[in-house]
Amino acid sequence: MDQHFRFTVVLLSAGLCLCQNEIPLDGPLNGQIGEHVEFRLINPPPAPPSQINWLFGSSLICSASAGTVTGVSPSYEGRASLDPNTTTLELRNLTLSDTGEYTLRVTMSIGEAEKEWKTTLRVFDRITGAVISDPGDSLLAGVSSINLTCDAQGTIMTREWTKGGSPLSSSSTITFSEDNRTLAISQVKKEDRGEYICNISNPFHCLAARQNVTVNYGPDTVLIIGSETVDVGHVIHLTCTADSFPETSYAWAFNGRQIATGASYINKESTYDGSGKYTCTACNSITLLSGKADIHVSVTDKKGVSSLSAGAVAGIGVACLVLGAVAGVGGTCLAMMRKRDVSGNSNRKDIPDIHIATQPSSCNDTSMHLYANTIANQGVSDGPTNGSDSSGSFASDGGVYDTHLSYRPQPAVSEETYSKTLYRV
């Protein structure tokens with residue numbers, strides 16, 4: 001008796017637990033327009049329930065009793081099917097209006113209390129027409145700010161921004177709207193140029209919108225590529241580059257005088273007059289900014305000897321003739337000369353430069369050698385006397401040349417040409 005009582009209690013307890021166990025519905029569910037979805041109990045009942053009712057919100061969809069479907073709402077005719085054994089509901093040809101809450105009410109057997117479970121369905125439309133707004137092509141680095149807006153038709157759940165294959169995130173200059181629809185960049189930099197991609201998605205579709213952003217900047221880092229030393233008669237070829245968008249225009253100047261335009265300057269057959277400072281000026285027509293670079297080119301003979309210009313030669317020749325005339329004798333004029341740094345730079349070096357020579361008036365004339373060494377610019381002095389010194393200067397080819405002239409008597413020599421190398425810096 002006691003054993004029977006205990007067995008009955010166990011069965012009742014087991015039945016009570018079974019009744020109180022939840023049998024949840026699968027979900028929440030997602031579907032797409034025109035497709036179908038099934039609402040299922042995770043653990044179907046072992047036998048057909050006594051009564052089944054499916055509702056959308058508070059409206060009845062369909063019902064079944066004792067294993068037989070008893071009714072389908074007219075608004076779901078042809079779209080809804082109910083399995084009276086498992087309680088599974090199939091809904092076809094989904095529309096956006098099918099999004100919402102669904103309720104299953106079940107009575108397992110006559111006399112038992114009705115059980116109720118709920119789940120949700122969200123229906124998604126296909127994503128089409130994804131675009132990013134065009135910021136235009138007049139953005140200036142360090143000046144302009146932009147807003148890129150990502151839009152599309154359909155049901156959008158997420159938006160993600162990338163550039164150069166890497167995801168974008170908020171920074172001191174980049175911000176996003178709450179739904180990631182808009183990306184804002186303040187004071188764009190040249191690094192902000194490039195293609196931006198907005199990936200729009202929902203559980204069934206993903207679409208990418210693309211937009212190229214152009215940032216006008218520069219010119220930055222103006223450089224001249226070319227040799228600083230060129231053999232006389234060879235090509236002077238200089239090329240100017242600058243980091244800029246759009247591409248800059250280039251202008252060339254030689255010792256401050258404009259000589260050419262274009263990215264390259266070419267002098268096919270150089271002369272000694274080609275020695276000097278070449279300047280490239282790069283100008284951006286959109287940013288209205290410019291930049292410069294200089295290079296000093298020395299035209300030399302094959303021994304690497306730099307030569308004076310024709311103007312410098314003429315100046316020395318005149319000085320020699322005047323001093324020779326003042327001395328009252330014929331003779332060879334040999335000179336040493338340096339080009340003075342007018343900015344006050346005292347670091348000068350002597351570079352063999354040019355030859356000047358005159359012939360004695362006769363074989364018996366007492367020739368005199370003329371020497372010139374660098375001194376401060378004191379102006380052209382009066383002619384020196386025999387065995388004396390004189391100083392002066394003259395300007396040529398953009399430089400100021402200082403001279404120190406000395407006469408020294410020489411023994412009689414045979415009639416031939418005397419010459420001596422000149423120097424300058």
# chains A, B, ... in the order shown; residues from 1 in each chain; ligands from 1
call {"tool": "residues_around", "arguments": {"residues": "Met108 in chain A", "least_positions_apart": "6", "cutoff": "7 Å", "atoms": "only C-alpha atoms", "output": "PyMOL selection string"}}
result
chain A and resi 49-51
call {"tool": "select_by_dssp", "arguments": {"residues": "range 193-292 of chain A", "states": "strand (DSSP E)", "output": "mmCIF file with C-alpha atoms, in the first residue's frame"}}
result
data_model
loop_
_atom_site.group_PDB
_atom_site.id
_atom_site.type_symbol
_atom_site.label_atom_id
_atom_site.label_comp_id
_atom_site.auth_asym_id
_atom_site.auth_seq_id
_atom_site.Cartn_x
_atom_site.Cartn_y
_atom_site.Cartn_z
ATOM 1 C CA GLY A 194 41.353 57.453 -52.640
ATOM 2 C CA GLU A 195 38.373 55.128 -52.953
ATOM 3 C CA TYR A 196 35.871 54.840 -50.114
ATOM 4 C CA ILE A 197 33.573 51.796 -49.878
ATOM 5 C CA CYS A 198 30.335 51.521 -47.910
ATOM 6 C CA ASN A 199 29.192 47.894 -47.391
ATOM 7 C CA ILE A 200 25.424 47.729 -46.797
ATOM 8 C CA SER A 201 23.917 44.456 -45.605
ATOM 9 C CA CYS A 206 25.045 42.663 -49.167
ATOM 10 C CA LEU A 207 25.834 45.490 -51.552
ATOM 11 C CA ALA A 208 28.850 47.813 -51.806
ATOM 12 C CA ALA A 209 28.802 51.470 -52.812
ATOM 13 C CA ARG A 210 32.046 53.128 -53.984
ATOM 14 C CA GLN A 211 33.173 56.736 -54.229
ATOM 15 C CA ASN A 212 36.543 58.189 -55.193
ATOM 16 C CA VAL A 213 37.675 61.240 -53.222
ATOM 17 C CA VAL A 215 42.182 65.990 -52.639
ATOM 18 C CA ASN A 216 44.155 68.801 -54.264
ATOM 19 C CA TYR A 217 47.476 69.447 -52.532
ATOM 20 C CA GLY A 218 51.064 70.573 -53.017
ATOM 21 C CA PRO A 219 53.476 71.145 -54.474
ATOM 22 C CA ASP A 220 55.423 69.397 -51.705
ATOM 23 C CA THR A 221 59.063 68.245 -51.764
ATOM 24 C CA VAL A 222 60.302 69.957 -54.922
ATOM 25 C CA LEU A 223 63.463 68.196 -56.148
ATOM 26 C CA ILE A 224 65.883 68.621 -59.057
ATOM 27 C CA ILE A 225 67.498 65.486 -60.478
ATOM 28 C CA THR A 229 79.266 68.739 -62.905
ATOM 29 C CA VAL A 230 79.134 68.559 -66.710
ATOM 30 C CA ASP A 231 81.991 68.342 -69.226
ATOM 31 C CA ILE A 236 73.032 69.585 -69.252
ATOM 32 C CA HIS A 237 69.919 67.573 -68.374
ATOM 33 C CA LEU A 238 67.923 68.564 -65.297
ATOM 34 C CA THR A 239 64.529 67.157 -64.253
ATOM 35 C CA CYS A 240 62.226 68.724 -61.670
ATOM 36 C CA THR A 241 59.732 66.716 -59.594
ATOM 37 C CA ALA A 242 57.172 67.653 -56.958
ATOM 38 C CA ASP A 243 54.587 65.778 -54.896
ATOM 39 C CA SER A 244 51.373 67.451 -56.025
ATOM 40 C CA PHE A 245 47.832 66.960 -57.294
ATOM 41 C CA SER A 249 53.594 73.351 -64.018
ATOM 42 C CA TYR A 250 57.359 73.970 -63.984
ATOM 43 C CA ALA A 251 59.488 76.993 -64.876
ATOM 44 C CA TRP A 252 63.292 77.176 -65.015
ATOM 45 C CA ALA A 253 65.579 80.114 -64.278
ATOM 46 C CA PHE A 254 69.348 80.438 -64.659
ATOM 47 C CA ARG A 257 66.741 84.775 -65.472
ATOM 48 C CA GLN A 258 63.854 82.673 -66.853
ATOM 49 C CA ILE A 259 65.078 80.245 -69.498
ATOM 50 C CA ALA A 260 62.504 77.456 -69.990
ATOM 51 C CA THR A 261 59.265 75.764 -68.922
ATOM 52 C CA SER A 264 62.914 68.988 -67.802
ATOM 53 C CA TYR A 265 65.572 71.466 -68.867
ATOM 54 C CA ILE A 266 68.021 70.291 -71.568
ATOM 55 C CA ASN A 267 71.024 72.142 -72.976
ATOM 56 C CA GLY A 276 75.720 78.773 -62.370
ATOM 57 C CA LYS A 277 72.547 78.348 -60.341
ATOM 58 C CA TYR A 278 69.512 76.698 -61.927
ATOM 59 C CA THR A 279 66.169 77.188 -60.171
ATOM 60 C CA CYS A 280 63.007 75.150 -60.727
ATOM 61 C CA THR A 281 59.690 76.664 -59.623
ATOM 62 C CA ALA A 282 56.688 74.298 -59.350
ATOM 63 C CA CYS A 283 53.176 75.805 -59.279
ATOM 64 C CA SER A 290 54.312 76.997 -55.356
ATOM 65 C CA GLY A 291 57.676 75.584 -54.331
ATOM 66 C CA LYS A 292 61.297 75.964 -55.481
#
call {"tool": "atom_distance", "arguments": {"atom1": "CA of Thr128 in chain A", "atom2": "CA of His36 in chain A"}}
result
20.9 Å
call {"tool": "closest_residue", "arguments": {"among": "A:Ser298, A:Gly57, A:Ser65, A:Lys163", "to": "Ile110 in chain A", "atoms": "only C-alpha atoms"}}
result
A:Ser65
call {"tool": "closest_residue", "arguments": {"among": "A:Leu41, A:Ile33, A:Leu288, A:Ile174", "to": "Ser97 in chain A", "atoms": "only C-alpha atoms"}}
result
A:Ile33
